[in-house]
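Scroll down for the structure; my scribbles are underneath it.
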Amino acid sequence: MKKMLVLGAAAGLIALSACNNTPREQAADNIEANAENVADNLEAAASNASTDAAQDNLQNQADAVRAEGDAKAKDMRTHDADTNLHNGM
């Protein structure tokens, strides 16, 4: 049930983000939403982990996924695709 709620929220965010945004902004928003979904799933797995070490590892992975998603979205928003900078689009 929780997974369905997360997927529903993600679909709503994606639909909302499509309003009056450039394709590049939409792509950045999608990157962030996808990273957030993966991180949420990792945190859910962490809450069910059998050891503290496993829980810490999964939480660290969730944090890393969020940070990477934020960095990629920022790169998408700030680098012009025509200049062949970081995002390679």
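In the structure tokens, the first chain shown is A, the next is B, and so on; residue numbers restart at 1 for each chain, and ligands run from 1 in the order shown.
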Ala73 of chain A environment, 12 Å, only C-alpha atoms, sequence neighbours closer than 2 positions dropped, as a count of residues only | 26
I'd like the contact shell of Gln55 of chain A - 10 Å cut-off, only C-alpha atoms, skipping same-chain residues fewer than 3 positions apart - returned as a short mmCIF file (atom, residue, chain, number, x, y, z; two decimals) with C-alpha atoms, in the first residue's frame.
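To be explicit, this is the file written out as selection-v6.cif:
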data_model
loop_
_atom_site.label_atom_id
_atom_site.label_comp_id
_atom_site.auth_asym_id
_atom_site.auth_seq_id
_atom_site.Cartn_x
_atom_site.Cartn_y
_atom_site.Cartn_z
CA LEU A 42 15.86 2.22 0.34
CA GLU A 43 14.63 3.85 3.54
CA ALA A 44 11.69 1.46 3.66
CA ALA A 45 14.11 -1.43 3.30
CA ALA A 46 16.26 0.09 6.05
CA SER A 47 13.33 0.13 8.43
CA ASN A 48 12.95 -3.62 7.83
CA ALA A 49 16.67 -4.44 8.08
CA SER A 50 17.62 -7.17 10.51
CA THR A 51 20.81 -5.53 11.82
CA ASP A 52 21.86 -2.01 12.71
CA LEU A 58 20.71 1.29 3.42
CA GLN A 59 20.18 4.73 4.96
CA ASN A 60 23.59 5.83 3.63
CA GLN A 61 22.63 4.54 0.18
#
Please, which residues of segment 27-89 of chain A, numbered as in this document, come out helix (DSSP H, G or I) from DSSP, as a count of residues only?
-> 51
